[in-house]
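J.: Got a file for you: model-v3.csv, CSV, C-alpha atoms and all ligand atoms.
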```csv
chain,number,residue,atom,x,y,z
A,1,MET,CA,121.5,161.2,20.5
A,2,SER,CA,119.2,161.0,23.5
A,3,ASP,CA,116.5,163.7,23.5
A,4,ILE,CA,116.9,164.1,27.3
A,5,GLY,CA,118.5,167.4,28.2
A,6,LYS,CA,117.3,169.1,25.0
A,7,SER,CA,115.9,172.6,25.6
A,8,ILE,CA,112.2,173.2,24.9
A,9,THR,CA,113.2,175.9,22.4
A,10,GLN,CA,115.2,173.3,20.4
A,11,PHE,CA,112.4,170.7,20.8
A,12,ILE,CA,109.8,173.2,19.4
A,13,ILE,CA,111.9,174.0,16.4
A,14,GLU,CA,112.6,170.4,15.6
A,15,GLN,CA,108.9,169.6,15.9
A,16,GLN,CA,108.2,172.4,13.4
A,17,ARG,CA,110.7,170.9,10.9
A,18,ILE,CA,108.6,167.7,10.9
A,19,HIS,CA,106.0,169.8,9.1
A,20,PRO,CA,107.7,171.4,6.0
A,21,ASP,CA,104.7,173.6,5.3
A,22,SER,CA,104.7,175.1,8.8
A,23,THR,CA,105.1,178.9,9.0
A,24,GLY,CA,106.6,179.0,12.5
A,25,ASP,CA,103.5,180.6,13.9
A,26,LEU,CA,102.8,177.7,16.3
A,27,SER,CA,106.5,177.6,17.4
A,28,GLY,CA,106.3,181.3,18.1
A,29,LEU,CA,103.1,180.9,20.1
A,30,LEU,CA,104.6,178.0,22.1
A,31,ASN,CA,107.6,180.1,23.0
A,32,ASP,CA,105.4,182.9,24.1
A,33,ILE,CA,103.5,180.4,26.4
A,34,VAL,CA,106.8,179.2,27.7
A,35,SER,CA,107.9,182.7,28.6
A,36,ALA,CA,104.5,183.3,30.4
A,37,CYS,CA,104.9,180.1,32.4
A,38,LYS,CA,108.4,181.1,33.5
A,39,LYS,CA,107.0,184.4,34.8
A,40,ILE,CA,104.1,182.7,36.5
A,41,SER,CA,106.4,180.2,38.1
A,42,HIS,CA,108.4,183.1,39.5
A,43,LEU,CA,105.3,184.8,40.9
A,44,VAL,CA,103.9,181.6,42.4
A,45,ASN,CA,107.2,180.8,44.1
A,46,ARG,CA,107.5,184.3,45.6
A,47,SER,CA,103.8,184.9,46.3
A,48,GLY,CA,104.2,184.8,50.1
A,49,ILE,CA,107.3,187.1,50.0
A,50,ILE,CA,105.8,189.8,47.7
A,51,GLY,CA,102.3,189.7,49.3
A,52,LEU,CA,100.4,188.0,46.4
A,53,GLY,CA,98.7,185.4,48.5
A,54,GLY,CA,95.1,185.5,49.5
A,55,ALA,CA,91.8,186.5,47.9
A,56,SER,CA,91.0,189.5,45.7
A,57,ASP,CA,87.8,191.4,46.2
A,58,SER,CA,86.3,190.2,42.9
A,59,GLU,CA,84.6,187.1,41.5
A,60,ASN,CA,85.2,185.4,38.1
A,61,VAL,CA,82.6,184.3,35.6
A,62,GLN,CA,82.3,181.1,37.5
A,63,GLY,CA,81.1,183.0,40.6
A,64,GLU,CA,84.3,182.0,42.4
A,65,VAL,CA,86.1,184.5,44.6
A,66,GLN,CA,89.3,185.2,42.6
A,67,LYS,CA,92.7,184.9,44.3
A,68,LYS,CA,95.0,187.8,43.7
A,69,LEU,CA,97.2,185.5,41.6
A,70,ASP,CA,94.2,184.4,39.5
A,71,ILE,CA,94.0,187.9,38.2
A,72,ILE,CA,97.7,188.6,38.0
A,73,THR,CA,98.5,185.3,36.1
A,74,ASN,CA,95.6,186.0,33.7
A,75,ASP,CA,97.3,189.3,32.9
A,76,VAL,CA,100.7,187.6,32.5
A,77,MET,CA,99.2,185.2,29.9
A,78,VAL,CA,97.4,188.0,28.0
A,79,GLU,CA,100.4,190.4,28.0
A,80,HIS,CA,102.7,187.6,26.8
A,81,LEU,CA,100.4,186.5,24.0
A,82,ASN,CA,98.4,189.4,22.7
A,83,TRP,CA,101.2,191.4,20.8
A,84,THR,CA,103.2,188.7,19.1
A,85,GLY,CA,101.0,188.1,16.1
A,86,HIS,CA,100.3,184.4,16.5
A,87,LEU,CA,96.7,184.6,17.9
A,88,ALA,CA,93.4,185.7,16.5
A,89,ALA,CA,91.8,185.7,20.0
A,90,MET,CA,91.9,184.2,23.5
A,91,ALA,CA,89.6,182.7,26.1
A,92,SER,CA,90.3,182.6,29.8
A,93,GLU,CA,88.7,180.9,32.8
A,94,GLU,CA,88.9,184.3,34.5
A,95,ILE,CA,87.2,186.4,31.8
A,96,GLU,CA,83.6,185.9,30.6
A,97,GLU,CA,83.9,187.2,27.1
A,98,ILE,CA,86.6,186.2,24.6
A,99,ILE,CA,89.7,188.4,24.7
A,100,GLN,CA,90.3,190.2,21.4
A,101,ILE,CA,93.7,191.1,20.1
A,102,PRO,CA,94.2,194.9,20.3
A,103,ASP,CA,94.0,196.7,17.0
A,104,GLN,CA,97.6,197.9,17.2
A,105,PHE,CA,98.8,194.3,17.1
A,106,PRO,CA,98.8,191.8,14.2
A,107,LYS,CA,96.5,188.8,14.4
A,108,GLY,CA,97.7,185.2,13.9
A,109,LYS,CA,95.9,182.0,12.9
A,110,TYR,CA,95.4,180.3,16.3
A,111,LEU,CA,93.0,180.5,19.2
A,112,ILE,CA,94.0,179.7,22.7
A,113,ALA,CA,91.8,178.8,25.7
A,114,PHE,CA,93.5,178.8,29.1
A,115,ASP,CA,93.1,178.5,32.8
A,116,PRO,CA,95.9,180.7,34.0
A,117,LEU,CA,96.1,179.3,37.5
A,118,ASP,CA,94.2,176.1,38.1
A,119,GLY,CA,93.9,174.9,41.6
A,120,SER,CA,94.6,178.4,42.9
A,121,SER,CA,92.8,177.7,46.2
A,122,ASN,CA,96.0,175.7,47.0
A,123,ILE,CA,98.3,178.7,46.8
A,124,ASP,CA,97.8,179.8,50.4
A,125,VAL,CA,98.5,176.3,51.7
A,126,ASN,CA,101.6,175.8,49.5
A,127,LEU,CA,100.3,173.0,47.3
A,128,SER,CA,100.9,172.6,43.5
A,129,VAL,CA,98.9,174.8,41.1
A,130,GLY,CA,99.2,175.1,37.4
A,131,THR,CA,98.5,176.7,34.0
A,132,ILE,CA,96.5,174.7,31.4
A,133,PHE,CA,96.2,175.7,27.7
A,134,SER,CA,94.5,174.5,24.6
A,135,ILE,CA,95.4,175.7,21.1
A,136,LEU,CA,92.9,175.6,18.2
A,137,ARG,CA,93.0,176.9,14.6
A,138,CYS,CA,91.0,180.0,14.0
A,139,PRO,CA,88.4,179.6,11.2
A,140,GLU,CA,89.8,181.2,8.0
A,141,THR,CA,87.3,184.0,7.7
A,142,GLU,CA,88.4,185.8,10.9
A,143,VAL,CA,92.2,185.4,10.3
A,144,ASP,CA,92.3,187.7,7.3
A,145,GLY,CA,90.9,190.4,9.5
A,146,VAL,CA,87.5,190.5,7.9
A,147,THR,CA,85.8,190.2,11.3
A,148,GLU,CA,86.8,189.8,15.0
A,149,PRO,CA,86.7,186.1,16.2
A,150,THR,CA,83.5,185.3,18.1
A,151,ILE,CA,82.7,182.8,20.8
A,152,ASP,CA,81.4,180.6,18.0
A,153,ASP,CA,84.9,180.3,16.5
A,154,PHE,CA,86.0,178.6,19.8
A,155,MET,CA,83.1,176.0,19.6
A,156,GLN,CA,85.4,173.3,18.2
A,157,LYS,CA,85.6,169.7,19.5
A,158,GLY,CA,88.7,168.6,21.5
A,159,THR,CA,89.7,166.5,18.5
A,160,GLU,CA,90.4,169.8,16.7
A,161,GLN,CA,93.1,170.8,19.1
A,162,VAL,CA,96.5,171.5,17.5
A,163,CYS,CA,98.4,171.5,20.7
A,164,ALA,CA,97.7,171.2,24.5
A,165,GLY,CA,99.8,171.5,27.6
A,166,PHE,CA,100.0,172.4,31.2
A,167,CYS,CA,102.6,173.8,33.5
A,168,VAL,CA,102.6,172.5,37.1
A,169,TYR,CA,104.2,174.8,39.7
A,170,GLY,CA,105.2,172.2,42.3
A,171,PRO,CA,108.5,171.1,44.0
A,172,SER,CA,109.8,171.6,40.4
A,173,THR,CA,108.1,173.5,37.6
A,174,MET,CA,107.2,171.0,34.9
A,175,LEU,CA,105.8,171.9,31.5
A,176,VAL,CA,104.0,169.0,29.7
A,177,LEU,CA,103.2,169.3,26.0
A,178,THR,CA,101.6,167.4,23.2
A,179,MET,CA,101.3,168.4,19.5
A,180,GLY,CA,99.6,165.1,18.5
A,181,ASN,CA,102.7,162.9,18.4
A,182,GLY,CA,103.3,162.0,22.0
A,183,VAL,CA,103.6,163.7,25.4
A,184,TYR,CA,106.8,165.4,26.5
A,185,GLY,CA,107.7,166.7,30.0
A,186,PHE,CA,110.2,169.6,30.5
A,187,SER,CA,111.7,170.6,33.8
A,188,LEU,CA,112.5,174.3,34.5
A,189,ASP,CA,116.2,174.7,35.2
A,190,ARG,CA,116.2,178.0,37.1
A,191,ASP,CA,120.0,178.3,36.8
A,192,VAL,CA,119.8,178.8,33.1
A,193,GLY,CA,116.1,179.9,32.9
A,194,GLU,CA,115.2,177.2,30.4
A,195,PHE,CA,112.8,174.2,30.3
A,196,ILE,CA,114.8,171.0,29.7
A,197,LEU,CA,113.4,167.8,28.3
A,198,THR,CA,113.4,165.3,31.2
A,199,HIS,CA,110.4,163.1,30.3
A,200,PRO,CA,110.3,162.1,26.6
A,201,ARG,CA,107.2,160.2,25.4
A,202,MET,CA,105.3,160.0,28.7
A,203,THR,CA,103.1,156.9,28.8
A,204,ILE,CA,100.3,156.1,31.2
A,205,PRO,CA,100.3,152.4,32.5
A,206,GLU,CA,97.1,150.7,31.3
A,207,ASP,CA,96.3,149.4,34.8
A,208,THR,CA,96.4,151.1,38.2
A,209,ALA,CA,95.6,150.6,41.9
A,210,GLU,CA,95.2,154.4,42.6
A,211,PHE,CA,92.1,156.5,42.3
A,212,ALA,CA,91.7,160.3,42.8
A,213,ILE,CA,88.3,161.7,43.7
A,214,ASN,CA,86.8,164.2,46.2
A,215,MET,CA,85.2,161.6,48.6
A,216,SER,CA,83.2,164.4,50.3
A,217,ASN,CA,80.9,164.3,47.3
A,218,GLN,CA,80.2,160.6,47.6
A,219,ARG,CA,76.5,161.0,48.6
A,220,PHE,CA,75.9,163.0,45.4
A,221,TRP,CA,77.4,160.5,42.9
A,222,GLU,CA,75.5,158.5,40.3
A,223,PRO,CA,75.3,154.7,40.9
A,224,PRO,CA,78.1,153.7,38.4
A,225,VAL,CA,80.6,155.9,40.3
A,226,GLN,CA,79.2,154.8,43.7
A,227,ARG,CA,79.7,151.1,42.6
A,228,TYR,CA,83.3,151.7,41.2
A,229,ILE,CA,84.6,153.5,44.3
A,230,SER,CA,82.9,151.1,46.7
A,231,GLU,CA,84.7,148.2,44.9
A,232,CYS,CA,88.0,150.0,45.2
A,233,ILE,CA,87.5,150.6,48.9
A,234,LYS,CA,86.6,146.9,49.5
A,235,GLY,CA,90.1,146.0,48.1
A,236,VAL,CA,91.1,142.4,48.4
A,237,ASP,CA,87.9,141.6,50.3
A,238,GLY,CA,85.8,142.7,47.4
A,239,SER,CA,85.3,141.8,43.7
A,240,ARG,CA,88.5,143.6,42.6
A,241,GLU,CA,90.6,141.3,44.8
A,242,LYS,CA,93.3,144.0,45.1
A,243,ASN,CA,93.8,147.0,47.4
A,244,PHE,CA,93.7,150.5,46.1
A,245,ASN,CA,95.4,153.7,47.2
A,246,MET,CA,93.7,157.2,47.1
A,247,ARG,CA,95.0,160.6,46.4
A,248,TRP,CA,93.2,164.0,46.2
A,249,VAL,CA,95.2,167.2,45.8
A,250,ALA,CA,92.3,169.5,44.6
A,251,SER,CA,94.6,170.6,41.7
A,252,MET,CA,93.9,168.9,38.4
A,253,VAL,CA,97.4,169.6,37.0
A,254,ALA,CA,99.0,167.8,40.0
A,255,GLU,CA,96.6,164.9,39.6
A,256,VAL,CA,97.1,164.5,35.9
A,257,TYR,CA,100.9,164.8,36.2
A,258,ARG,CA,100.9,162.0,38.7
A,259,VAL,CA,98.7,159.9,36.4
A,260,LEU,CA,101.1,160.5,33.5
A,261,THR,CA,104.1,159.4,35.7
A,262,ARG,CA,102.7,156.4,37.5
A,263,GLY,CA,99.2,155.7,36.2
A,264,GLY,CA,95.9,156.2,38.1
A,265,ILE,CA,92.3,157.3,37.5
A,266,PHE,CA,91.3,160.9,38.2
A,267,MET,CA,87.5,161.5,38.5
A,268,TYR,CA,85.4,164.6,38.9
A,269,PRO,CA,82.1,162.9,37.9
A,270,LEU,CA,78.7,164.3,37.5
A,271,ASP,CA,77.0,164.6,40.9
A,272,ILE,CA,73.5,165.7,41.8
A,273,LYS,CA,75.0,169.0,43.1
A,274,SER,CA,76.3,169.9,39.7
A,275,THR,CA,73.7,168.3,37.3
A,276,THR,CA,72.4,171.7,36.2
A,277,GLU,CA,75.9,173.0,35.5
A,278,GLY,CA,76.9,169.7,33.8
A,279,GLY,CA,79.8,169.0,36.1
A,280,LYS,CA,82.6,170.9,37.9
A,281,LEU,CA,85.5,171.0,35.5
A,282,ARG,CA,85.5,173.2,32.4
A,283,LEU,CA,85.6,171.6,28.9
A,284,MET,CA,87.5,174.1,26.8
A,285,TYR,CA,90.5,174.9,29.1
A,286,GLU,CA,90.6,171.9,31.6
A,287,ALA,CA,89.0,168.8,30.3
A,288,ASN,CA,89.9,169.0,26.6
A,289,PRO,CA,93.6,169.9,26.9
A,290,MET,CA,94.0,167.3,29.6
A,291,SER,CA,92.1,164.7,27.5
A,292,PHE,CA,94.4,165.4,24.5
A,293,ILE,CA,97.4,164.8,26.7
A,294,VAL,CA,96.0,161.7,28.4
A,295,GLU,CA,95.0,160.1,25.1
A,296,GLN,CA,98.4,160.9,23.5
A,297,ALA,CA,100.0,159.1,26.5
A,298,GLY,CA,97.9,156.0,25.9
A,299,GLY,CA,95.2,156.8,28.5
A,300,VAL,CA,91.4,157.3,28.1
A,301,SER,CA,89.3,160.4,29.0
A,302,SER,CA,85.5,160.2,29.2
A,303,THR,CA,82.5,161.7,30.8
A,304,GLY,CA,81.5,158.2,31.7
A,305,ARG,CA,79.1,158.2,28.8
A,306,GLN,CA,81.1,159.9,26.0
A,307,ARG,CA,84.7,160.5,24.9
A,308,ILE,CA,85.4,164.0,26.2
A,309,MET,CA,87.2,165.1,23.0
A,310,ASP,CA,84.1,164.2,20.9
A,311,ILE,CA,81.9,166.7,22.8
A,312,GLN,CA,80.6,169.6,20.6
A,313,PRO,CA,81.0,172.6,22.9
A,314,GLU,CA,78.1,175.0,23.3
A,315,ASN,CA,79.8,177.7,25.4
A,316,VAL,CA,83.3,178.7,26.4
A,317,HIS,CA,82.8,178.1,30.1
A,318,GLN,CA,80.9,174.9,29.7
A,319,ARG,CA,81.4,172.2,32.4
A,320,VAL,CA,81.7,168.5,32.0
A,321,PRO,CA,82.2,165.3,34.1
A,322,VAL,CA,85.7,164.0,33.8
A,323,ILE,CA,87.0,160.4,34.3
A,324,LEU,CA,90.5,160.0,32.9
A,325,GLY,CA,93.7,158.0,33.3
A,326,SER,CA,94.7,154.4,33.0
A,327,LYS,CA,93.0,152.8,30.0
A,328,ASN,CA,91.6,149.6,31.6
A,329,GLU,CA,90.3,151.4,34.8
A,330,VAL,CA,88.5,154.1,32.8
A,331,ALA,CA,87.0,151.5,30.6
A,332,ARG,CA,85.6,149.7,33.7
A,333,VAL,CA,83.9,152.9,34.9
A,334,VAL,CA,82.5,153.5,31.4
A,335,SER,CA,81.2,150.0,31.3
A,336,TYR,CA,79.4,150.6,34.7
A,337,HIS,CA,77.7,153.6,33.1
A,338,GLU,CA,76.6,151.5,30.2
A,339,THR,CA,75.0,148.9,32.5
A,340,ASN,CA,73.6,151.1,35.3
B,401,LIG,P1,87.3,170.4,44.8
B,401,LIG,C1,90.5,173.4,41.1
B,401,LIG,O1,89.6,174.4,41.5
B,401,LIG,C2,89.8,172.5,40.2
B,401,LIG,O2,89.2,173.1,39.1
B,401,LIG,C3,90.7,171.3,39.7
B,401,LIG,O3,92.0,171.7,39.5
B,401,LIG,C4,90.6,170.3,40.8
B,401,LIG,O4,90.8,169.0,40.4
B,401,LIG,C5,89.1,170.5,41.3
B,401,LIG,O5,88.7,171.8,40.9
B,401,LIG,C6,89.1,170.4,42.8
B,401,LIG,O6,87.7,170.5,43.2
B,401,LIG,O7,85.7,170.3,44.7
B,401,LIG,O8,87.9,169.2,45.3
B,401,LIG,O9,87.8,171.7,45.4
```
Just give me the structure of the file as structure tokens.

T.:
Amino acid sequence: MSDIGKSITQFIIEQQRIHPDSTGDLSGLLNDIVSACKKISHLVNRSGIIGLGGASDSENVQGEVQKKLDIITNDVMVEHLNWTGHLAAMASEEIEEIIQIPDQFPKGKYLIAFDPLDGSSNIDVNLSVGTIFSILRCPETEVDGVTEPTIDDFMQKGTEQVCAGFCVYGPSTMLVLTMGNGVYGFSLDRDVGEFILTHPRMTIPEDTAEFAINMSNQRFWEPPVQRYISECIKGVDGSREKNFNMRWVASMVAEVYRVLTRGGIFMYPLDIKSTTEGGKLRLMYEANPMSFIVEQAGGVSSTGRQRIMDIQPENVHQRVPVILGSKNEVARVVSYHETN
């Protein structure tokens, strides 16, 4: 029977059955995330009608002015996840410290790091935004309630992720998920209020002629990236002997979804503006989950000098350079970093 048309609820249960020793904790957590994403999709779609557009009067830990929806969607994620007993703690782009599970609720064995509304600057101009999440196992000592999880418990490499996913709120609401055995895309059918499998085993083409980068930063890039983009722009008149197309949505979820569906290379490289911070995008709840998904779809995800999922995190809001997408194109950029 074709998997297309299967509900995400059925898909999650069937994935659980592949692991006979599973307790159902991960399935429960994923269903909680699905419910949160449905609520966020509703809020994003109605933000203009119910006055949720525009900026709030506060800043997040990143020093960025928060949109009203940044705060609201963060609360939606916390309120859907903190009481169900599947998590030991949470980390959010919008909150500096880790979010403990209130004492009145049971703790579970997982940790989650999320960006509740990535690309939120696009909300007011009606472009795609999204929710990104990464699920890790909580080290045993904290799960039995001996101590509250600390930031150190989150300091796990991307290779330790149990599951990663994102929900893109665009022309359609799509939830993309990997649990380590392929990438699956689900479309939200609003008539029945369920995510339906529409994109089984998503695979990134190994080659591409489409790059995504914020060209306004060109003067700040390092030589390997300068060389790569210059060759793309020269097209058939240059060493690549083929023309390239460019896209930049300023929403990582939209860019990664496009790469998953038709290939491409997405780059937010190190630039001299961000050298002290280490990059623009955040490791724990942007780069790592997206890297897990991209690698599971046959792509590559690197800083230019290191596989992103091999990075040993040092803090929850750590930033890294990101170069991800079609295998052969990312390999070329990495080779330029090795020789420059
Ligand atoms: P810029 C959104 O704020 C984000 O974190 C990513 O989703 C996106 O790819 C990038 O930053 C956009 O950055 O500098 O082009 O606004």

J.: Could you tell me which of A:Ser134, A:Ser172, A:Val78, A:Gln100 comes closest to His42 in chain A if we count all atoms listed in the file?

T.: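 The answer is A:Ser172, which sits nearest to His42 in chain A.
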
J.: Check the smallest atom-to-atom distance from each of A:Thr208, A:Gln62, A:Asn74, A:Leu26 to Glu277 in chain A using all atoms listed in the file, then report the winner.

T.: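 With all atoms listed in the file as the atom set, the closest residue is A:Gln62.
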
J.: Write out as JSON lines a residue-level contact list of chain A versus ligand LIG 401 (chain B) with cut-off 9 Å: for each qualifying residue the closest pair of atoms and the distance in Å to one decimal, counting only C-alpha atoms and all ligand atoms, rows sorted by chain and residue number upward.

T.:
```
{"residue": "A:Leu117", "atom": "CA", "partner": "B:LIG401", "partner_atom": "O3", "distance": 8.9}
{"residue": "A:Asp118", "atom": "CA", "partner": "B:LIG401", "partner_atom": "O3", "distance": 5.1}
{"residue": "A:Gly119", "atom": "CA", "partner": "B:LIG401", "partner_atom": "C1", "distance": 3.7}
{"residue": "A:Ser120", "atom": "CA", "partner": "B:LIG401", "partner_atom": "O1", "distance": 6.6}
{"residue": "A:Ser121", "atom": "CA", "partner": "B:LIG401", "partner_atom": "O1", "distance": 6.6}
{"residue": "A:Asn122", "atom": "CA", "partner": "B:LIG401", "partner_atom": "C1", "distance": 8.4}
{"residue": "A:Val129", "atom": "CA", "partner": "B:LIG401", "partner_atom": "O3", "distance": 7.7}
{"residue": "A:Gly130", "atom": "CA", "partner": "B:LIG401", "partner_atom": "O3", "distance": 8.2}
{"residue": "A:Ile213", "atom": "CA", "partner": "B:LIG401", "partner_atom": "O8", "distance": 7.7}
{"residue": "A:Asn214", "atom": "CA", "partner": "B:LIG401", "partner_atom": "O8", "distance": 5.2}
{"residue": "A:Met215", "atom": "CA", "partner": "B:LIG401", "partner_atom": "O8", "distance": 8.7}
{"residue": "A:Ser216", "atom": "CA", "partner": "B:LIG401", "partner_atom": "O8", "distance": 8.4}
{"residue": "A:Asn217", "atom": "CA", "partner": "B:LIG401", "partner_atom": "O7", "distance": 8.1}
{"residue": "A:Trp248", "atom": "CA", "partner": "B:LIG401", "partner_atom": "O8", "distance": 7.5}
{"residue": "A:Val249", "atom": "CA", "partner": "B:LIG401", "partner_atom": "O4", "distance": 7.2}
{"residue": "A:Ala250", "atom": "CA", "partner": "B:LIG401", "partner_atom": "C6", "distance": 3.8}
{"residue": "A:Ser251", "atom": "CA", "partner": "B:LIG401", "partner_atom": "O3", "distance": 3.6}
{"residue": "A:Met252", "atom": "CA", "partner": "B:LIG401", "partner_atom": "O3", "distance": 3.6}
{"residue": "A:Val253", "atom": "CA", "partner": "B:LIG401", "partner_atom": "O3", "distance": 6.3}
{"residue": "A:Ala254", "atom": "CA", "partner": "B:LIG401", "partner_atom": "O3", "distance": 8.0}
{"residue": "A:Glu255", "atom": "CA", "partner": "B:LIG401", "partner_atom": "O4", "distance": 7.1}
{"residue": "A:Val256", "atom": "CA", "partner": "B:LIG401", "partner_atom": "O4", "distance": 9.0}
{"residue": "A:Phe266", "atom": "CA", "partner": "B:LIG401", "partner_atom": "O4", "distance": 8.4}
{"residue": "A:Met267", "atom": "CA", "partner": "B:LIG401", "partner_atom": "O4", "distance": 8.4}
{"residue": "A:Tyr268", "atom": "CA", "partner": "B:LIG401", "partner_atom": "O4", "distance": 7.1}
{"residue": "A:Lys280", "atom": "CA", "partner": "B:LIG401", "partner_atom": "O5", "distance": 6.9}
{"residue": "A:Leu281", "atom": "CA", "partner": "B:LIG401", "partner_atom": "O2", "distance": 5.6}
{"residue": "A:Arg282", "atom": "CA", "partner": "B:LIG401", "partner_atom": "O2", "distance": 7.7}
{"residue": "A:Glu286", "atom": "CA", "partner": "B:LIG401", "partner_atom": "O2", "distance": 7.7}
```

J.: Nearest to Arg305 in chain A among A:Thr339, A:Ser187, A:Ser274, A:Asn243, with distances taken over only C-alpha atoms: which residue is it?

T.: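 Looking at the shortest contact to Arg305 in chain A, the residue is A:Thr339.
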
J.: Between CA of Asn45 in chain A and CA of Arg247 in chain A, what is the distance, to one decimal in Å?

T.: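 Interatomic distance here is 23.7 Å.
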
J.: Using only C-alpha atoms, which protein or nucleic acid residues come within 8 Å of range 291-303 of chain A? Drop anything in the same chain fewer than 4 positions from it, and give the result as a PyMOL selection string.

T.: chain A and resi 158-159+161+164-165+177-178+180-183+201-206+260+269+287+307-309+320-327+330-331+334

J.: Could you turn the residues from that selection into a file that holds C-alpha atoms, as a tab-separated table (two decimals), in the frame of the given file?

T.:
```tsv
chain	number	residue	atom	x	y	z
A	158	GLY	CA	88.70	168.60	21.50
A	159	THR	CA	89.70	166.50	18.50
A	161	GLN	CA	93.10	170.80	19.10
A	164	ALA	CA	97.70	171.20	24.50
A	165	GLY	CA	99.80	171.50	27.60
A	177	LEU	CA	103.20	169.30	26.00
A	178	THR	CA	101.60	167.40	23.20
A	180	GLY	CA	99.60	165.10	18.50
A	181	ASN	CA	102.70	162.90	18.40
A	182	GLY	CA	103.30	162.00	22.00
A	183	VAL	CA	103.60	163.70	25.40
A	201	ARG	CA	107.20	160.20	25.40
A	202	MET	CA	105.30	160.00	28.70
A	203	THR	CA	103.10	156.90	28.80
A	204	ILE	CA	100.30	156.10	31.20
A	205	PRO	CA	100.30	152.40	32.50
A	206	GLU	CA	97.10	150.70	31.30
A	260	LEU	CA	101.10	160.50	33.50
A	269	PRO	CA	82.10	162.90	37.90
A	287	ALA	CA	89.00	168.80	30.30
A	307	ARG	CA	84.70	160.50	24.90
A	308	ILE	CA	85.40	164.00	26.20
A	309	MET	CA	87.20	165.10	23.00
A	320	VAL	CA	81.70	168.50	32.00
A	321	PRO	CA	82.20	165.30	34.10
A	322	VAL	CA	85.70	164.00	33.80
A	323	ILE	CA	87.00	160.40	34.30
A	324	LEU	CA	90.50	160.00	32.90
A	325	GLY	CA	93.70	158.00	33.30
A	326	SER	CA	94.70	154.40	33.00
A	327	LYS	CA	93.00	152.80	30.00
A	330	VAL	CA	88.50	154.10	32.80
A	331	ALA	CA	87.00	151.50	30.60
A	334	VAL	CA	82.50	153.50	31.40
```

J.: Taking only C-alpha atoms into account, which of A:Pro139, A:Pro171, A:Gly278, A:Pro223 comes nearest Gln156 in chain A?

T.: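 For Gln156 in chain A, the nearest of the given residues is A:Pro139.
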
J.: Could you pull out every residue with an atom within 10 Å of (106.6, 193.8, 11.9), file coordinates, counting all atoms listed in the file, and send them as a PyMOL selection string?

T.: chain A and resi 84-85+105-106

J.: Using CA of Glu194 in chain A and CA of Glu14 in chain A as the two end points, give the distance in Å to one decimal.

T.: 16.5 Å
